[in-house]
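Have a look at the structure below before the remarks.
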Amino acid sequence: MSKTRVLFLCTGNTARSQMAEAFLRAQGGDDYEAFSAGFAPREINPLTVRVMEERGFDLGGQHAKGLSEYLGKVHFGFLINMCGRAEPECPKTFPGMGTRLDWPFEDPAAFEGTEEERLEKFREVRDAIERRVQEWLAER
């Protein structure tokens, strides 16, 4: 039986979609293959790497990818928009795309404050994404 491919989509592919990809890879077992991409990919945020390391995830092998890397080239069972900004930019017709879902999470990189306050925001978003991935897997 083949794995269901899931694409997590965000604007920059620097935080939320990277977190979701890592959680699904860890929790999806043999049933899912996780990917992430962004409309305007940039370098993964160092605070993303840091808060994921706190939970035992090494993002060293991951990098920010553009949507064009996959569009029309890979079939996905699910496309999951991780932010409100990505949803309007997402093509309504996506060749090789199954079900679209919207999981809008606050952008932790947009939060301003001290380094500790910013880390706390990244942790809050990380934990919310992990819970959502777990809920989605339980629903399926």
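Labeling convention for the structure tokens: chains A, B, ... as they appear, residues from 1 per chain, ligands from 1 in order of appearance.
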
(request) Run DSSP on the backbone and give me the residues of chain A it puts in alpha helix (DSSP H), as a ChimeraX atom specification. (result) /A:16-27,46-54,86-89,115-139

Please write the residues from the selection above to a file, keeping C-alpha atoms, as a JSON list (two decimals), in the first residue's frame.
```
[["chain", "number", "residue", "atom", "x", "y", "z"],
["A", 16, "ARG", "CA", 4.86, 26.50, 10.75],
["A", 17, "SER", "CA", 4.98, 24.28, 7.67],
["A", 18, "GLN", "CA", 8.41, 22.98, 8.67],
["A", 19, "MET", "CA", 7.10, 22.08, 12.13],
["A", 20, "ALA", "CA", 4.06, 20.31, 10.70],
["A", 21, "GLU", "CA", 6.22, 18.36, 8.26],
["A", 22, "ALA", "CA", 8.47, 17.17, 11.09],
["A", 23, "PHE", "CA", 5.54, 16.17, 13.32],
["A", 24, "LEU", "CA", 3.77, 14.22, 10.57],
["A", 25, "ARG", "CA", 7.00, 12.45, 9.64],
["A", 26, "ALA", "CA", 7.40, 11.37, 13.26],
["A", 27, "GLN", "CA", 3.77, 10.52, 14.01],
["A", 46, "PRO", "CA", 16.70, 29.72, 13.70],
["A", 47, "LEU", "CA", 14.05, 29.83, 16.42],
["A", 48, "THR", "CA", 12.12, 27.11, 14.57],
["A", 49, "VAL", "CA", 15.21, 24.93, 14.66],
["A", 50, "ARG", "CA", 15.75, 25.71, 18.32],
["A", 51, "VAL", "CA", 12.22, 24.93, 19.56],
["A", 52, "MET", "CA", 12.05, 21.76, 17.51],
["A", 53, "GLU", "CA", 15.40, 20.62, 18.95],
["A", 54, "GLU", "CA", 13.86, 21.09, 22.41],
["A", 86, "ALA", "CA", -1.03, 31.31, 1.95],
["A", 87, "GLU", "CA", -4.68, 30.39, 1.38],
["A", 88, "PRO", "CA", -5.56, 33.22, -1.05],
["A", 89, "GLU", "CA", -2.31, 32.68, -2.98],
["A", 115, "GLU", "CA", 14.28, 36.72, 22.64],
["A", 116, "GLU", "CA", 12.67, 34.77, 25.47],
["A", 117, "GLU", "CA", 9.21, 36.14, 24.57],
["A", 118, "ARG", "CA", 9.77, 35.23, 20.91],
["A", 119, "LEU", "CA", 10.93, 31.73, 21.91],
["A", 120, "GLU", "CA", 7.78, 31.32, 23.99],
["A", 121, "LYS", "CA", 5.64, 32.30, 20.98],
["A", 122, "PHE", "CA", 7.46, 29.75, 18.81],
["A", 123, "ARG", "CA", 6.87, 27.10, 21.49],
["A", 124, "GLU", "CA", 3.18, 27.99, 21.72],
["A", 125, "VAL", "CA", 2.73, 27.66, 17.94],
["A", 126, "ARG", "CA", 4.85, 24.47, 17.85],
["A", 127, "ASP", "CA", 2.68, 22.85, 20.52],
["A", 128, "ALA", "CA", -0.55, 23.90, 18.79],
["A", 129, "ILE", "CA", 0.66, 22.44, 15.49],
["A", 130, "GLU", "CA", 1.65, 19.19, 17.15],
["A", 131, "ARG", "CA", -1.81, 18.90, 18.74],
["A", 132, "ARG", "CA", -3.49, 19.60, 15.38],
["A", 133, "VAL", "CA", -1.42, 16.95, 13.59],
["A", 134, "GLN", "CA", -2.28, 14.44, 16.33],
["A", 135, "GLU", "CA", -6.00, 15.31, 16.12],
["A", 136, "TRP", "CA", -5.98, 15.00, 12.34],
["A", 137, "LEU", "CA", -4.30, 11.60, 12.50],
["A", 138, "ALA", "CA", -6.81, 10.42, 15.10],
["A", 139, "GLU", "CA", -9.71, 11.60, 12.86]]
```

(message) I'd like the interatomic distance between atom CA of Leu101 of chain A and atom CA of His75 of chain A, to a tenth of an Å.
(response) 15.5 Å

(request) Tell me which protein, DNA and RNA residues are within 8 Å of segment 12-14 of chain A, counting only C-alpha atoms, leaving out same-chain ones fewer than 4 positions away, and put them as number ranges by chain. (result) A: 18, 36-45, 48, 64-66

(request) Figure out the distance between atom CA of Cys83 of chain A and atom CA of Gly29 of chain A, please, to one decimal in Å. (result) 25.1 Å

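Taking only C-alpha atoms, the non-local environment of Arg100 of chain A within 6 Å (same-chain residues fewer than 2 positions away omitted) comprises Phe78, Leu79 and Ile80 of chain A.
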
Saved selection, atoms kept: C-alpha atoms, as a PDB file, in the first residue's frame:
```pdb
ATOM      1  CA  PHE A  78      -3.719  16.516   1.025  1.00  0.00           C
ATOM      2  CA  LEU A  79      -2.601  20.120   0.786  1.00  0.00           C
ATOM      3  CA  ILE A  80      -2.765  21.819   4.180  1.00  0.00           C
TER       4      ILE A  80
END
```

(message) Applying 9 Å and only C-alpha atoms, which residues near Asp30 of chain A remain after dropping the ones on its own chain fewer than 2 positions away? List them as a count of residues only.
(response) 5

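For the pair atom CA of Asp102 of chain A and atom CA of Thr11 of chain A, the interatomic distance is 13.3 Å.
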
(request) Identify all residues of segment 2-115 of chain A in strand (DSSP E or B) (DSSP on the backbone) and supply them as a PyMOL selection string. (result) chain A and resi 4-10+32-38+66+76-81+97-102

Got time to write the residues from that selection, N, CA and C atoms, as a JSON list (two decimals), in the first residue's frame?
```
[["chain", "number", "residue", "atom", "x", "y", "z"],
["A", 4, "THR", "N", 0.18, 8.08, 1.79],
["A", 4, "THR", "CA", -0.52, 9.30, 1.40],
["A", 4, "THR", "C", 0.44, 10.46, 1.56],
["A", 5, "ARG", "N", 0.65, 11.20, 0.50],
["A", 5, "ARG", "CA", 1.54, 12.37, 0.56],
["A", 5, "ARG", "C", 0.75, 13.58, 1.03],
["A", 6, "VAL", "N", 1.37, 14.32, 1.95],
["A", 6, "VAL", "CA", 0.75, 15.51, 2.53],
["A", 6, "VAL", "C", 1.71, 16.67, 2.36],
["A", 7, "LEU", "N", 1.20, 17.77, 1.79],
["A", 7, "LEU", "CA", 2.00, 18.98, 1.60],
["A", 7, "LEU", "C", 1.50, 20.06, 2.53],
["A", 8, "PHE", "N", 2.38, 20.53, 3.42],
["A", 8, "PHE", "CA", 2.07, 21.65, 4.31],
["A", 8, "PHE", "C", 2.58, 22.92, 3.63],
["A", 9, "LEU", "N", 1.69, 23.88, 3.47],
["A", 9, "LEU", "CA", 2.01, 25.08, 2.70],
["A", 9, "LEU", "C", 1.91, 26.32, 3.57],
["A", 10, "CYS", "N", 2.89, 27.19, 3.44],
["A", 10, "CYS", "CA", 2.91, 28.45, 4.16],
["A", 10, "CYS", "C", 3.56, 29.49, 3.25],
["A", 32, "TYR", "N", 1.93, 7.87, 5.90],
["A", 32, "TYR", "CA", 2.05, 9.22, 5.34],
["A", 32, "TYR", "C", 3.47, 9.56, 4.95],
["A", 33, "GLU", "N", 3.56, 10.41, 3.95],
["A", 33, "GLU", "CA", 4.84, 10.99, 3.53],
["A", 33, "GLU", "C", 4.64, 12.50, 3.59],
["A", 34, "ALA", "N", 5.42, 13.19, 4.41],
["A", 34, "ALA", "CA", 5.24, 14.62, 4.66],
["A", 34, "ALA", "C", 6.19, 15.47, 3.85],
["A", 35, "PHE", "N", 5.67, 16.61, 3.36],
["A", 35, "PHE", "CA", 6.43, 17.60, 2.61],
["A", 35, "PHE", "C", 5.99, 18.98, 3.09],
["A", 36, "SER", "N", 6.80, 19.99, 2.80],
["A", 36, "SER", "CA", 6.41, 21.37, 3.08],
["A", 36, "SER", "C", 6.96, 22.27, 1.99],
["A", 37, "ALA", "N", 6.30, 23.41, 1.82],
["A", 37, "ALA", "CA", 6.73, 24.38, 0.80],
["A", 37, "ALA", "C", 6.17, 25.75, 1.15],
["A", 38, "GLY", "N", 6.67, 26.76, 0.44],
["A", 38, "GLY", "CA", 6.19, 28.12, 0.63],
["A", 38, "GLY", "C", 6.09, 28.85, -0.70],
["A", 66, "GLY", "N", 10.21, 25.96, -2.47],
["A", 66, "GLY", "CA", 9.14, 26.68, -3.13],
["A", 66, "GLY", "C", 8.06, 25.74, -3.63],
["A", 76, "PHE", "N", -0.38, 14.81, -4.36],
["A", 76, "PHE", "CA", -0.56, 14.88, -2.91],
["A", 76, "PHE", "C", -2.00, 14.52, -2.58],
["A", 77, "GLY", "N", -2.17, 13.69, -1.58],
["A", 77, "GLY", "CA", -3.50, 13.37, -1.09],
["A", 77, "GLY", "C", -4.13, 14.55, -0.37],
["A", 78, "PHE", "N", -3.25, 15.35, 0.27],
["A", 78, "PHE", "CA", -3.72, 16.52, 1.03],
["A", 78, "PHE", "C", -2.77, 17.69, 0.84],
["A", 79, "LEU", "N", -3.34, 18.86, 0.71],
["A", 79, "LEU", "CA", -2.60, 20.12, 0.79],
["A", 79, "LEU", "C", -3.17, 20.84, 2.00],
["A", 80, "ILE", "N", -2.31, 21.18, 2.95],
["A", 80, "ILE", "CA", -2.77, 21.82, 4.18],
["A", 80, "ILE", "C", -2.12, 23.19, 4.28],
["A", 81, "ASN", "N", -2.96, 24.23, 4.17],
["A", 81, "ASN", "CA", -2.49, 25.61, 4.31],
["A", 81, "ASN", "C", -2.30, 25.90, 5.79],
["A", 97, "MET", "N", -3.60, 17.25, -6.93],
["A", 97, "MET", "CA", -3.92, 17.57, -5.54],
["A", 97, "MET", "C", -5.23, 16.95, -5.14],
["A", 98, "GLY", "N", -5.25, 16.33, -3.98],
["A", 98, "GLY", "CA", -6.47, 15.76, -3.43],
["A", 98, "GLY", "C", -7.22, 16.80, -2.62],
["A", 99, "THR", "N", -7.36, 16.55, -1.35],
["A", 99, "THR", "CA", -8.15, 17.39, -0.45],
["A", 99, "THR", "C", -7.34, 18.57, 0.06],
["A", 100, "ARG", "N", -7.97, 19.76, 0.04],
["A", 100, "ARG", "CA", -7.35, 20.96, 0.62],
["A", 100, "ARG", "C", -7.94, 21.21, 1.99],
["A", 101, "LEU", "N", -7.06, 21.50, 2.95],
["A", 101, "LEU", "CA", -7.48, 21.84, 4.31],
["A", 101, "LEU", "C", -6.81, 23.15, 4.71],
["A", 102, "ASP", "N", -7.46, 23.90, 5.58],
["A", 102, "ASP", "CA", -6.88, 25.14, 6.09],
["A", 102, "ASP", "C", -6.70, 25.03, 7.59]]
```

(message) Measuring between only C-alpha atoms, which one of A:Ala15, A:Glu69, A:Arg140, A:Arg55 shows the shortest distance to Glu106 of chain A?
(response) A:Ala15
